[in-house]
file entry_30.csv (CSV, C-alpha atoms and all ligand atoms)
chain,number,residue,atom,x,y,z
A,1,MET,CA,11.8,17.8,18.6
A,2,THR,CA,10.8,14.9,16.4
A,3,THR,CA,7.4,15.0,14.7
A,4,ILE,CA,5.6,11.7,14.9
A,5,ILE,CA,3.8,11.3,11.6
A,6,ASP,CA,0.4,10.0,12.6
A,7,GLY,CA,-1.0,7.9,9.7
A,8,LYS,CA,-3.9,6.8,11.8
A,9,ALA,CA,-5.3,10.3,12.5
A,10,THR,CA,-4.5,11.4,8.9
A,11,SER,CA,-6.3,8.4,7.4
A,12,ALA,CA,-9.3,9.0,9.7
A,13,ALA,CA,-9.5,12.6,8.4
A,14,ILE,CA,-9.3,11.5,4.8
A,15,LYS,CA,-12.0,8.8,5.4
A,16,ALA,CA,-14.3,11.5,6.8
A,17,GLU,CA,-13.6,13.6,3.7
A,18,ILE,CA,-14.4,10.6,1.4
A,19,ALA,CA,-17.6,9.8,3.4
A,20,GLU,CA,-18.8,13.4,2.8
A,21,LYS,CA,-18.2,13.0,-0.9
A,22,VAL,CA,-20.1,9.7,-1.0
A,23,ALA,CA,-23.0,11.3,0.9
A,24,GLU,CA,-23.1,14.0,-1.8
A,25,MET,CA,-23.0,11.3,-4.6
A,26,THR,CA,-25.9,9.3,-3.1
A,27,ALA,CA,-27.9,12.5,-2.4
A,28,ALA,CA,-27.6,13.2,-6.1
A,29,GLY,CA,-29.1,9.8,-6.9
A,30,MET,CA,-25.9,7.9,-7.6
A,31,ARG,CA,-25.1,4.6,-5.9
A,32,ALA,CA,-22.3,4.4,-3.4
A,33,PRO,CA,-18.9,3.2,-4.6
A,34,HIS,CA,-18.5,-0.6,-4.4
A,35,LEU,CA,-15.2,-2.3,-3.6
A,36,ALA,CA,-14.9,-6.1,-3.9
A,37,ALA,CA,-12.0,-8.2,-2.5
A,38,ILE,CA,-11.0,-11.8,-3.4
A,39,LEU,CA,-9.3,-13.6,-0.5
A,40,VAL,CA,-7.7,-17.0,-1.2
A,41,GLY,CA,-7.0,-19.3,1.8
A,42,HIS,CA,-6.6,-18.2,5.4
A,43,ASP,CA,-3.3,-16.4,5.8
A,44,GLY,CA,-3.4,-14.5,9.1
A,45,GLY,CA,-2.0,-11.3,7.7
A,46,SER,CA,-4.2,-11.3,4.6
A,47,GLU,CA,-7.3,-11.9,6.8
A,48,THR,CA,-6.4,-8.9,8.9
A,49,TYR,CA,-5.7,-6.6,5.8
A,50,VAL,CA,-9.0,-7.6,4.1
A,51,ALA,CA,-11.0,-7.1,7.3
A,52,ASN,CA,-9.4,-3.6,7.7
A,53,LYS,CA,-10.3,-2.8,4.1
A,54,ILE,CA,-13.9,-3.9,4.6
A,55,LYS,CA,-14.1,-1.8,7.8
A,56,ALA,CA,-12.7,1.2,5.9
A,57,CYS,CA,-15.4,0.8,3.2
A,58,ALA,CA,-18.1,1.0,5.9
A,59,GLU,CA,-16.4,4.1,7.3
A,60,CYS,CA,-16.4,5.8,3.9
A,61,GLY,CA,-20.0,4.8,3.1
A,62,PHE,CA,-18.9,2.3,0.4
A,63,LYS,CA,-20.5,-1.0,-0.4
A,64,SER,CA,-18.1,-3.9,0.0
A,65,SER,CA,-18.1,-7.6,-1.0
A,66,LEU,CA,-15.8,-10.4,0.0
A,67,ILE,CA,-15.3,-13.4,-2.2
A,68,ARG,CA,-13.6,-16.2,-0.3
A,69,LEU,CA,-11.9,-19.0,-2.2
A,70,GLU,CA,-10.5,-22.0,-0.3
A,71,SER,CA,-7.1,-23.4,-1.0
A,72,THR,CA,-5.3,-26.0,1.1
A,73,PRO,CA,-2.2,-28.2,0.4
A,74,GLU,CA,-4.6,-31.1,0.0
A,75,ALA,CA,-7.1,-29.2,-2.3
A,76,PRO,CA,-5.2,-26.3,-3.9
A,77,LEU,CA,-7.3,-23.7,-5.7
A,78,ALA,CA,-7.1,-24.1,-9.5
A,79,GLN,CA,-5.7,-20.9,-11.0
A,80,GLU,CA,-8.5,-21.0,-13.6
A,81,THR,CA,-11.2,-20.8,-10.8
A,82,LEU,CA,-9.5,-17.7,-9.5
A,83,LEU,CA,-9.3,-16.2,-13.0
A,84,GLU,CA,-13.0,-16.9,-13.5
A,85,GLU,CA,-13.8,-14.9,-10.4
A,86,VAL,CA,-11.7,-12.1,-11.7
A,87,ARG,CA,-13.5,-12.1,-15.0
A,88,LYS,CA,-16.9,-12.1,-13.2
A,89,LEU,CA,-15.9,-9.0,-11.3
A,90,ASN,CA,-14.5,-7.3,-14.4
A,91,ASN,CA,-17.9,-7.8,-16.0
A,92,ASP,CA,-20.0,-6.9,-13.0
A,93,PRO,CA,-21.4,-3.3,-13.6
A,94,GLU,CA,-22.2,-3.0,-9.9
A,95,VAL,CA,-18.6,-3.3,-8.9
A,96,ASP,CA,-16.4,-0.2,-9.3
A,97,GLY,CA,-13.1,-1.7,-8.3
A,98,PHE,CA,-11.7,-4.8,-6.8
A,99,ILE,CA,-8.5,-6.3,-5.3
A,100,VAL,CA,-7.1,-9.8,-5.2
A,101,GLN,CA,-5.4,-9.9,-1.8
A,102,LEU,CA,-1.7,-10.8,-2.1
A,103,PRO,CA,0.3,-12.9,-1.5
A,104,LEU,CA,-1.4,-15.8,-3.3
A,105,PRO,CA,-0.5,-19.5,-2.7
A,106,ARG,CA,2.8,-20.3,-4.4
A,107,HIS,CA,1.3,-22.5,-7.1
A,108,ILE,CA,-0.7,-19.6,-8.5
A,109,ASP,CA,0.9,-17.2,-11.1
A,110,GLU,CA,0.4,-13.9,-9.3
A,111,GLN,CA,1.4,-11.8,-12.3
A,112,ALA,CA,-1.1,-13.7,-14.5
A,113,VAL,CA,-3.9,-12.9,-12.0
A,114,ILE,CA,-2.9,-9.2,-11.8
A,115,GLU,CA,-2.9,-8.9,-15.6
A,116,ALA,CA,-6.4,-10.5,-15.8
A,117,ILE,CA,-7.8,-7.6,-13.8
A,118,ASP,CA,-9.5,-4.8,-15.9
A,119,PRO,CA,-7.1,-1.8,-15.5
A,120,GLU,CA,-10.2,0.4,-15.0
A,121,LYS,CA,-11.1,-1.6,-11.9
A,122,ASP,CA,-7.5,-2.2,-10.7
A,123,VAL,CA,-7.8,0.0,-7.6
A,124,ASP,CA,-4.6,-1.5,-6.1
A,125,GLY,CA,-2.8,0.0,-9.1
A,126,PHE,CA,-0.8,-3.2,-9.8
A,127,HIS,CA,-1.8,-3.8,-13.4
A,128,PRO,CA,1.0,-3.0,-15.9
A,129,VAL,CA,-1.3,-0.5,-17.7
A,130,ASN,CA,-1.6,1.5,-14.4
A,131,VAL,CA,2.1,1.0,-13.6
A,132,GLY,CA,3.1,2.2,-17.1
A,133,LYS,CA,0.8,5.2,-16.9
A,134,GLN,CA,2.1,6.1,-13.5
A,135,SER,CA,5.7,6.0,-14.7
A,136,VAL,CA,5.0,8.5,-17.5
A,137,GLY,CA,2.9,10.7,-15.3
A,138,LEU,CA,-0.5,10.0,-16.9
A,139,PRO,CA,-3.7,9.8,-14.8
A,140,CYS,CA,-4.1,6.3,-13.4
A,141,PHE,CA,-4.8,4.3,-10.3
A,142,HIS,CA,-1.6,4.9,-8.2
A,143,SER,CA,-0.2,2.0,-6.3
A,144,ALA,CA,-1.8,2.2,-2.9
A,145,THR,CA,1.2,2.2,-0.5
A,146,PRO,CA,3.3,4.8,-2.4
A,147,ALA,CA,0.3,7.0,-2.9
A,148,GLY,CA,-0.4,6.8,0.8
A,149,ILE,CA,3.2,7.9,1.6
A,150,VAL,CA,3.1,10.8,-0.9
A,151,GLU,CA,-0.2,12.0,0.7
A,152,LEU,CA,1.1,11.6,4.2
A,153,LEU,CA,4.2,13.7,3.4
A,154,SER,CA,1.9,16.3,1.7
A,155,ARG,CA,-0.5,16.5,4.7
A,156,TYR,CA,2.5,17.1,7.0
A,157,GLY,CA,3.9,19.9,4.8
A,158,ILE,CA,7.0,17.8,4.0
A,159,SER,CA,7.8,18.6,0.4
A,160,PRO,CA,10.0,16.1,-1.5
A,161,ALA,CA,10.8,18.8,-4.1
A,162,GLY,CA,14.5,19.3,-4.3
A,163,LYS,CA,15.2,16.8,-1.6
A,164,LYS,CA,17.3,13.7,-1.7
A,165,VAL,CA,15.1,10.6,-1.2
A,166,VAL,CA,16.6,7.2,-0.5
A,167,ILE,CA,14.3,4.2,-0.8
A,168,VAL,CA,15.6,0.9,0.6
A,169,GLY,CA,13.7,-1.8,-1.3
A,170,ARG,CA,12.8,-2.1,-5.0
A,171,SER,CA,9.6,-4.2,-5.0
A,172,ASN,CA,6.9,-3.7,-7.6
A,173,ILE,CA,4.4,-2.6,-5.0
A,174,VAL,CA,6.4,-0.2,-2.9
A,175,GLY,CA,10.0,0.8,-3.9
A,176,LYS,CA,9.7,1.1,-7.7
A,177,PRO,CA,6.3,2.9,-7.8
A,178,LEU,CA,7.3,5.2,-5.0
A,179,ALA,CA,10.5,6.1,-6.8
A,180,ALA,CA,8.4,6.8,-10.0
A,181,MET,CA,6.0,9.1,-8.1
A,182,LEU,CA,8.6,11.0,-6.2
A,183,MET,CA,10.8,11.7,-9.2
A,184,GLN,CA,7.8,12.9,-11.3
A,185,LYS,CA,7.8,16.5,-12.3
A,186,GLY,CA,5.4,18.5,-10.0
A,187,THR,CA,4.9,19.6,-6.5
A,188,LYS,CA,4.4,16.2,-4.9
A,189,GLY,CA,7.5,15.0,-6.7
A,190,ASP,CA,10.6,16.8,-8.0
A,191,ALA,CA,12.8,14.7,-5.6
A,192,THR,CA,16.2,13.2,-6.5
A,193,VAL,CA,15.6,9.5,-5.8
A,194,THR,CA,18.0,6.7,-5.1
A,195,VAL,CA,16.7,3.2,-4.9
A,196,CYS,CA,18.7,0.6,-2.9
A,197,HIS,CA,18.4,-3.2,-2.7
A,198,SER,CA,20.2,-6.3,-1.5
A,199,ALA,CA,23.0,-5.9,-4.0
A,200,THR,CA,23.7,-2.2,-3.0
A,201,PRO,CA,27.2,-2.0,-1.6
A,202,ASP,CA,27.9,0.3,1.5
A,203,LEU,CA,24.2,0.9,2.0
A,204,ALA,CA,24.7,3.0,5.2
A,205,SER,CA,26.7,5.7,3.3
A,206,ILE,CA,23.8,6.1,0.9
A,207,THR,CA,21.1,6.1,3.6
A,208,ARG,CA,23.0,8.7,5.5
A,209,SER,CA,22.8,11.0,2.6
A,210,ALA,CA,19.0,11.1,2.6
A,211,ASP,CA,16.8,14.0,3.5
A,212,ILE,CA,13.9,11.6,3.3
A,213,LEU,CA,14.7,7.9,4.0
A,214,VAL,CA,12.1,5.2,3.2
A,215,ALA,CA,12.6,1.8,4.6
A,216,ALA,CA,10.7,-1.0,2.7
A,217,LEU,CA,12.6,-4.2,3.1
A,218,GLY,CA,10.6,-6.3,5.5
A,219,ARG,CA,13.5,-6.7,7.9
A,220,PRO,CA,12.6,-5.7,11.5
A,221,GLY,CA,14.9,-3.0,13.0
A,222,PHE,CA,17.3,-3.0,10.0
A,223,ILE,CA,17.7,0.8,9.8
A,224,THR,CA,19.8,1.7,12.8
A,225,GLU,CA,20.8,5.1,14.2
A,226,ASP,CA,24.1,5.2,12.4
A,227,MET,CA,22.4,4.9,9.0
A,228,VAL,CA,20.3,8.0,9.4
A,229,ALA,CA,21.4,11.7,9.0
A,230,PRO,CA,20.5,14.1,11.8
A,231,GLY,CA,17.2,15.8,10.9
A,232,ALA,CA,16.2,13.4,8.2
A,233,VAL,CA,12.5,12.4,7.7
A,234,VAL,CA,12.1,8.6,8.1
A,235,ILE,CA,9.2,6.7,6.6
A,236,ASP,CA,9.0,3.1,7.8
A,237,VAL,CA,6.9,0.9,5.5
A,238,GLY,CA,8.0,-2.5,7.1
A,239,THR,CA,5.4,-4.5,8.8
A,240,THR,CA,6.7,-7.9,9.9
A,241,ARG,CA,4.9,-10.1,12.5
A,242,VAL,CA,7.4,-10.8,15.2
A,243,PRO,CA,6.6,-13.4,17.9
A,244,ASP,CA,5.7,-11.7,21.2
A,245,ALA,CA,4.4,-13.9,24.1
A,246,THR,CA,3.2,-10.8,26.0
A,247,ARG,CA,0.5,-10.2,23.3
A,248,LYS,CA,-2.8,-12.0,23.2
A,249,SER,CA,-2.2,-12.5,19.4
A,250,GLY,CA,1.2,-14.0,20.1
A,251,PHE,CA,2.9,-11.4,17.8
A,252,ARG,CA,3.5,-7.7,17.3
A,253,LEU,CA,4.1,-5.7,14.2
A,254,SER,CA,7.6,-4.6,13.7
A,255,GLY,CA,8.9,-1.9,11.3
A,256,ASP,CA,12.1,-1.9,9.4
A,257,VAL,CA,13.5,1.0,11.5
A,258,ASP,CA,15.0,0.7,15.0
A,259,TYR,CA,12.4,3.3,16.1
A,260,GLU,CA,13.6,3.8,19.7
A,261,ASN,CA,17.1,4.9,18.7
A,262,VAL,CA,16.4,6.5,15.3
A,263,ALA,CA,13.4,8.6,16.3
A,264,PRO,CA,15.3,11.1,18.6
A,265,LYS,CA,17.7,11.7,15.7
A,266,CYS,CA,15.3,12.6,12.9
A,267,SER,CA,13.0,15.6,12.3
A,268,ALA,CA,9.9,13.4,11.6
A,269,ILE,CA,9.2,9.6,11.6
A,270,THR,CA,6.3,7.2,11.0
A,271,PRO,CA,5.6,4.7,13.7
A,272,VAL,CA,4.7,1.0,13.1
A,273,PRO,CA,1.8,0.4,13.5
A,274,GLY,CA,-0.1,3.6,12.8
A,275,GLY,CA,2.1,5.2,10.1
A,276,VAL,CA,2.1,4.0,6.5
A,277,GLY,CA,-0.4,1.1,7.0
A,278,PRO,CA,-3.6,3.1,7.5
A,279,MET,CA,-2.6,5.3,4.6
A,280,THR,CA,-2.4,2.4,2.2
A,281,ILE,CA,-6.0,1.5,3.0
A,282,VAL,CA,-7.1,5.1,2.5
A,283,SER,CA,-5.4,5.2,-0.9
A,284,LEU,CA,-7.4,2.1,-1.9
A,285,MET,CA,-10.6,4.0,-0.8
A,286,LEU,CA,-9.6,7.1,-2.9
A,287,ASN,CA,-8.9,4.9,-5.9
A,288,THR,CA,-12.3,3.2,-5.5
A,289,LEU,CA,-14.0,6.6,-5.2
A,290,GLU,CA,-12.3,7.7,-8.4
A,291,ALA,CA,-13.3,4.4,-10.2
A,292,ALA,CA,-17.0,5.1,-9.2
A,293,ARG,CA,-16.8,8.7,-10.4
A,294,ARG,CA,-15.3,7.6,-13.8
A,295,LYS,CA,-18.3,5.4,-14.4
A,296,SER,CA,-20.9,8.1,-13.5
A,301,LIG,N1,2.3,-0.7,5.6
A,301,LIG,C1,1.8,-1.2,4.4
A,301,LIG,O1,0.8,-0.8,4.0
A,301,LIG,C2,2.7,-2.1,3.6
A,301,LIG,C3,2.4,-2.3,2.2
A,301,LIG,C4,3.3,-3.1,1.5
A,301,LIG,C5,4.4,-3.7,2.1
A,301,LIG,N2,4.6,-3.5,3.4
A,301,LIG,C6,5.7,-4.1,4.2
A,301,LIG,O2,6.9,-3.5,3.6
A,301,LIG,C7,8.0,-4.4,3.7
A,301,LIG,C8,8.5,-4.6,2.3
A,301,LIG,O3,7.5,-5.1,1.5
A,301,LIG,P1,7.7,-5.5,-0.1
A,301,LIG,O4,6.5,-6.2,-0.6
A,301,LIG,O5,8.2,-4.2,-0.8
A,301,LIG,O6,8.9,-6.5,0.1
A,301,LIG,P2,9.7,-7.4,-0.9
A,301,LIG,O7,8.9,-7.6,-2.2
A,301,LIG,O8,10.2,-8.6,-0.1
A,301,LIG,O9,11.0,-6.5,-1.3
A,301,LIG,C9,11.9,-6.2,-0.3
A,301,LIG,C10,13.0,-5.4,-0.9
A,301,LIG,O10,14.0,-5.1,0.1
A,301,LIG,C11,15.3,-5.4,-0.4
A,301,LIG,N3,16.1,-5.9,0.6
A,301,LIG,C12,16.0,-7.0,1.4
A,301,LIG,N4,17.0,-7.2,2.2
A,301,LIG,C13,17.9,-6.1,2.0
A,301,LIG,C14,19.1,-5.7,2.5
A,301,LIG,N5,19.7,-6.4,3.5
A,301,LIG,N6,19.7,-4.5,2.1
A,301,LIG,C15,19.0,-3.8,1.1
A,301,LIG,N7,17.9,-4.2,0.5
A,301,LIG,C16,17.3,-5.3,1.0
A,301,LIG,C17,15.1,-6.5,-1.5
A,301,LIG,O11,16.1,-6.4,-2.4
A,301,LIG,P3,16.2,-7.4,-3.7
A,301,LIG,O12,15.2,-6.8,-4.7
A,301,LIG,O13,17.6,-7.3,-4.1
A,301,LIG,O14,15.8,-8.8,-3.2
A,301,LIG,C18,13.7,-6.0,-2.1
A,301,LIG,O15,13.9,-5.1,-3.1
A,301,LIG,C19,7.4,-5.7,4.3
A,301,LIG,O16,7.6,-5.6,5.7
A,301,LIG,C20,5.9,-5.5,4.0
A,301,LIG,O17,5.1,-6.2,4.9
A,301,LIG,C21,3.7,-2.7,4.2
call {"tool": "encode", "arguments": {"input": "entry_30.csv", "output": "structure tokens", "more": "lines below"}}
Ligand SMILES: NC(=O)c1ccc[n+]([C@@H]2O[C@H](COP(=O)([O-])OP(=O)(O)OC[C@H]3O[C@@H](n4cnc5c(N)ncnc54)[C@H](OP(=O)(O)O)[C@@H]3O)[C@@H](O)[C@H]2O)c1
result
Amino acid sequence: MTTIIDGKATSAAIKAEIAEKVAEMTAAGMRAPHLAAILVGHDGGSETYVANKIKACAECGFKSSLIRLESTPEAPLAQETLLEEVRKLNNDPEVDGFIVQLPLPRHIDEQAVIEAIDPEKDVDGFHPVNVGKQSVGLPCFHSATPAGIVELLSRYGISPAGKKVVIVGRSNIVGKPLAAMLMQKGTKGDATVTVCHSATPDLASITRSADILVAALGRPGFITEDMVAPGAVVIDVGTTRVPDATRKSGFRLSGDVDYENVAPKCSAITPVPGGVGPMTIVSLMLNTLEAARRKS
């Protein structure tokens, strides 16, 4: 029987654990952790992600702040205005960690914005200092989505140690940092990792060799039954908005895995939604808690 890896329930349990720790902190006279978010423009997906992060802050007992910056084709946001907000948050002693919600409008240099964030407040784990520390196994803010996947596997008793992991997708926020984490020496790593991308020939022969297959491409239903070995663990990171007239919103979220046909074949699988997504938010909360503790 296939185990459905429930990221929603797991994240709820972790948020409750965090809330307990925050209650202990405030009972000891410390202030609650404070996460700030900068949101540029009105992208539908970004609005939802930020709203979910703010909701998670409330569930964990954190303080949250939202800084909204307008940007339209007629009046594009100046990069310097955004960098100024980043500097303000870097220097605000009341803010433990903050995120700049991505993607940013095309005219803004995303990497320059990431690099302007104080690494000690970079709770998304995107700053090169945190990325570098992560790759050499030093304490750091781990990139939120990979950290959520590692935690989810751990909570379901699925050890990557000695397993063959295949990751499809090599982005800086998912594929690369996840590979770095899973190949790290130690109980949550020790995997043999292969990273595939759009230039990988004969992808299916590689995905079929995986004990744990991670799909992070952003192509709905791309991983089909014939690409998965019987008994594999399948982690679906993809979240693409697909038009769906039957929904009030007009869309549904689709993963990168053909869930219906792949699920019966594997030993465990994450659904979309309700799999990796809620764990990403919980990782952000854990990083913010850690940032607040470091300052105390
Ligand atoms: N649930 C969550 O919390 C969460 C968090 C982050 C991202 N996501 C979702 O995860 C998906 C991936 O996000 P991302 O930011 O990592 O995407 P991305 O930056 O667009 O990267 C996609 C990766 O997939 C590879 N790829 C694309 N088509 C391929 C193909 N036909 N065969 C093999 N590889 C292919 C690309 O290869 P090249 O490098 O060669 O172009 C690239 O490395 C998206 O749906 C995103 O929404 C979800």
call {"tool": "residues_near_ligand", "arguments": {"input": "entry_30.csv", "ligand": "ligand LIG 301 (chain A)", "cutoff": "6 Å", "atoms": "all atoms listed in the file", "output": "MDAnalysis selection string"}}
result
chainID A and resid 145 168:171 173:174 196:199 216:218 237:240 276:277 280
call {"tool": "closest_atom_pairs", "arguments": {"input": "entry_30.csv", "of": "segment 128-178 of chain A", "to": "segment 3-17 of chain A", "cutoff": "10 Å", "atoms": "all atoms listed in the file", "output": "tab-separated table"}}
result
residue	atom	partner	partner_atom	distance
A:Gly148	CA	A:Gly7	CA	9.0
A:Ile149	CA	A:Gly7	CA	9.1
A:Glu151	CA	A:Thr10	CA	9.3
A:Leu152	CA	A:Gly7	CA	7.0
A:Leu153	CA	A:Ile5	CA	8.6
A:Arg155	CA	A:Thr10	CA	7.7
A:Tyr156	CA	A:Ile5	CA	7.5
call {"tool": "residues_around", "arguments": {"input": "entry_30.csv", "residues": "Lys21 of chain A", "least_positions_apart": "2", "cutoff": "12 Å", "atoms": "only C-alpha atoms", "output": "list in words"}}
result
Ile14, Lys15, Ala16, Glu17, Ile18, Ala19, Ala23, Glu24, Met25, Thr26, Ala27, Ala28, Met30, Arg31, Ala32, Pro33, Cys60, Gly61, Phe62, Met285, Leu286, Leu289, Glu290, Ala292 and Arg293 of chain A
call {"tool": "closest_residue", "arguments": {"input": "entry_30.csv", "among": "A:Ala36, A:Leu89, A:Leu203, A:Ile212", "to": "Lys63 of chain A", "atoms": "only C-alpha atoms"}}
result
A:Ala36
call {"tool": "closest_atom_pairs", "arguments": {"input": "entry_30.csv", "of": "segment 252-295 of chain A", "to": "segment 107-131 of chain A", "cutoff": "7 Å", "atoms": "only C-alpha atoms", "output": "Markdown table"}}
result
| residue | atom | partner | partner_atom | distance |
| --- | --- | --- | --- | --- |
| A:Leu284 | CA | A:Val123 | CA | 6.1 |
| A:Asn287 | CA | A:Val123 | CA | 5.3 |
| A:Thr288 | CA | A:Val123 | CA | 5.9 |
| A:Ala291 | CA | A:Lys121 | CA | 6.6 |
call {"tool": "residues_near_point", "arguments": {"input": "entry_30.csv", "point": "(18.4, 16.9, 11.2)", "cutoff": "12 Å", "atoms": "all atoms listed in the file", "output": "number ranges by chain"}}
result
A: 1-3, 208-212, 228-234, 262-269
call {"tool": "closest_residue", "arguments": {"input": "entry_30.csv", "among": "A:Pro271, A:Pro76, A:Gly186, A:Gly255", "to": "Gly221 of chain A", "atoms": "all atoms listed in the file"}}
result
A:Gly255
call {"tool": "closest_residue", "arguments": {"input": "entry_30.csv", "among": "A:Gly132, A:Pro220, A:Pro278, A:Pro105", "to": "Ala147 of chain A", "atoms": "only C-alpha atoms"}}
result
A:Pro278
call {"tool": "closest_residue", "arguments": {"input": "entry_30.csv", "among": "A:Ser296, A:Gln101, A:Asn172, A:Thr187", "to": "Leu66 of chain A", "atoms": "all atoms listed in the file"}}
result
A:Gln101
call {"tool": "closest_residue", "arguments": {"input": "entry_30.csv", "among": "A:Thr72, A:Asn261, A:Ile38, A:Ala161", "to": "Glu84 of chain A", "atoms": "all atoms listed in the file"}}
result
A:Ile38
call {"tool": "atom_distance", "arguments": {"input": "entry_30.csv", "atom1": "atom CA of Asp96 of chain A", "atom2": "atom CA of Pro139 of chain A"}}
result
17.1 Å
call {"tool": "residues_around", "arguments": {"input": "entry_30.csv", "residues": "Glu47 of chain A", "least_positions_apart": "6", "cutoff": "12 Å", "atoms": "all atoms listed in the file", "output": "list in words"}}
result
Ala37, Ile38, Leu39, Val40, Gly41, Lys53, Ile54, Leu66, Arg68, Gln101, Leu102 and Pro103 of chain A
call {"tool": "atom_distance", "arguments": {"input": "entry_30.csv", "atom1": "atom CA of Met183 of chain A", "atom2": "atom CA of Ser159 of chain A"}}
result
12.2 Å
call {"tool": "atom_distance", "arguments": {"input": "entry_30.csv", "atom1": "atom CA of Arg219 of chain A", "atom2": "atom CA of Gly162 of chain A"}}
result
28.7 Å
call {"tool": "closest_residue", "arguments": {"input": "entry_30.csv", "among": "A:Gly189, A:Gly97, A:Gly44, A:Pro160", "to": "Phe141 of chain A", "atoms": "only C-alpha atoms"}}
result
A:Gly97
call {"tool": "build_atoms", "arguments": {"input": "entry_30.csv", "residues": "segment 109-122 of chain A", "atoms": "N, CA, C and O atoms", "output": "PDB file, in the frame of the given file"}}
result
ATOM      1  N   ASP A 109       0.106 -18.260 -10.399  1.00  0.00           N
ATOM      2  CA  ASP A 109       0.900 -17.200 -11.100  1.00  0.00           C
ATOM      3  C   ASP A 109       0.326 -15.867 -10.765  1.00  0.00           C
ATOM      4  O   ASP A 109      -0.639 -15.449 -11.403  1.00  0.00           O
ATOM      5  N   GLU A 110       0.933 -15.191  -9.779  1.00  0.00           N
ATOM      6  CA  GLU A 110       0.400 -13.900  -9.300  1.00  0.00           C
ATOM      7  C   GLU A 110       0.302 -12.876 -10.415  1.00  0.00           C
ATOM      8  O   GLU A 110      -0.685 -12.156 -10.530  1.00  0.00           O
ATOM      9  N   GLN A 111       1.336 -12.822 -11.243  1.00  0.00           N
ATOM     10  CA  GLN A 111       1.400 -11.800 -12.300  1.00  0.00           C
ATOM     11  C   GLN A 111       0.220 -12.062 -13.305  1.00  0.00           C
ATOM     12  O   GLN A 111      -0.409 -11.110 -13.782  1.00  0.00           O
ATOM     13  N   ALA A 112      -0.059 -13.346 -13.590  1.00  0.00           N
ATOM     14  CA  ALA A 112      -1.100 -13.700 -14.500  1.00  0.00           C
ATOM     15  C   ALA A 112      -2.480 -13.182 -13.964  1.00  0.00           C
ATOM     16  O   ALA A 112      -3.344 -12.673 -14.693  1.00  0.00           O
ATOM     17  N   VAL A 113      -2.638 -13.299 -12.662  1.00  0.00           N
ATOM     18  CA  VAL A 113      -3.900 -12.900 -12.000  1.00  0.00           C
ATOM     19  C   VAL A 113      -3.983 -11.337 -12.065  1.00  0.00           C
ATOM     20  O   VAL A 113      -5.028 -10.783 -12.426  1.00  0.00           O
ATOM     21  N   ILE A 114      -2.882 -10.660 -11.754  1.00  0.00           N
ATOM     22  CA  ILE A 114      -2.900  -9.200 -11.800  1.00  0.00           C
ATOM     23  C   ILE A 114      -3.238  -8.711 -13.212  1.00  0.00           C
ATOM     24  O   ILE A 114      -4.040  -7.794 -13.405  1.00  0.00           O
ATOM     25  N   GLU A 115      -2.654  -9.361 -14.208  1.00  0.00           N
ATOM     26  CA  GLU A 115      -2.900  -8.900 -15.600  1.00  0.00           C
ATOM     27  C   GLU A 115      -4.276  -9.248 -16.090  1.00  0.00           C
ATOM     28  O   GLU A 115      -4.721  -8.703 -17.112  1.00  0.00           O
ATOM     29  N   ALA A 116      -4.981 -10.133 -15.384  1.00  0.00           N
ATOM     30  CA  ALA A 116      -6.400 -10.500 -15.800  1.00  0.00           C
ATOM     31  C   ALA A 116      -7.363  -9.422 -15.294  1.00  0.00           C
ATOM     32  O   ALA A 116      -8.505  -9.364 -15.752  1.00  0.00           O
ATOM     33  N   ILE A 117      -6.930  -8.575 -14.351  1.00  0.00           N
ATOM     34  CA  ILE A 117      -7.800  -7.600 -13.800  1.00  0.00           C
ATOM     35  C   ILE A 117      -8.006  -6.427 -14.816  1.00  0.00           C
ATOM     36  O   ILE A 117      -7.018  -5.965 -15.413  1.00  0.00           O
ATOM     37  N   ASP A 118      -9.249  -5.992 -15.011  1.00  0.00           N
ATOM     38  CA  ASP A 118      -9.500  -4.800 -15.900  1.00  0.00           C
ATOM     39  C   ASP A 118      -8.794  -3.617 -15.297  1.00  0.00           C
ATOM     40  O   ASP A 118      -9.063  -3.241 -14.141  1.00  0.00           O
ATOM     41  N   PRO A 119      -7.883  -2.981 -16.045  1.00  0.00           N
ATOM     42  CA  PRO A 119      -7.100  -1.800 -15.500  1.00  0.00           C
ATOM     43  C   PRO A 119      -8.066  -0.733 -14.955  1.00  0.00           C
ATOM     44  O   PRO A 119      -7.684  -0.003 -14.033  1.00  0.00           O
ATOM     45  N   GLU A 120      -9.279  -0.641 -15.492  1.00  0.00           N
ATOM     46  CA  GLU A 120     -10.200   0.400 -15.000  1.00  0.00           C
ATOM     47  C   GLU A 120     -10.808   0.032 -13.652  1.00  0.00           C
ATOM     48  O   GLU A 120     -11.479   0.842 -13.022  1.00  0.00           O
ATOM     49  N   LYS A 121     -10.623  -1.225 -13.227  1.00  0.00           N
ATOM     50  CA  LYS A 121     -11.100  -1.600 -11.900  1.00  0.00           C
ATOM     51  C   LYS A 121      -9.963  -2.005 -10.963  1.00  0.00           C
ATOM     52  O   LYS A 121     -10.174  -2.458  -9.842  1.00  0.00           O
ATOM     53  N   ASP A 122      -8.732  -1.775 -11.422  1.00  0.00           N
ATOM     54  CA  ASP A 122      -7.500  -2.200 -10.700  1.00  0.00           C
ATOM     55  C   ASP A 122      -7.171  -1.128  -9.628  1.00  0.00           C
ATOM     56  O   ASP A 122      -6.216  -0.363  -9.784  1.00  0.00           O
TER      57      ASP A 122
END
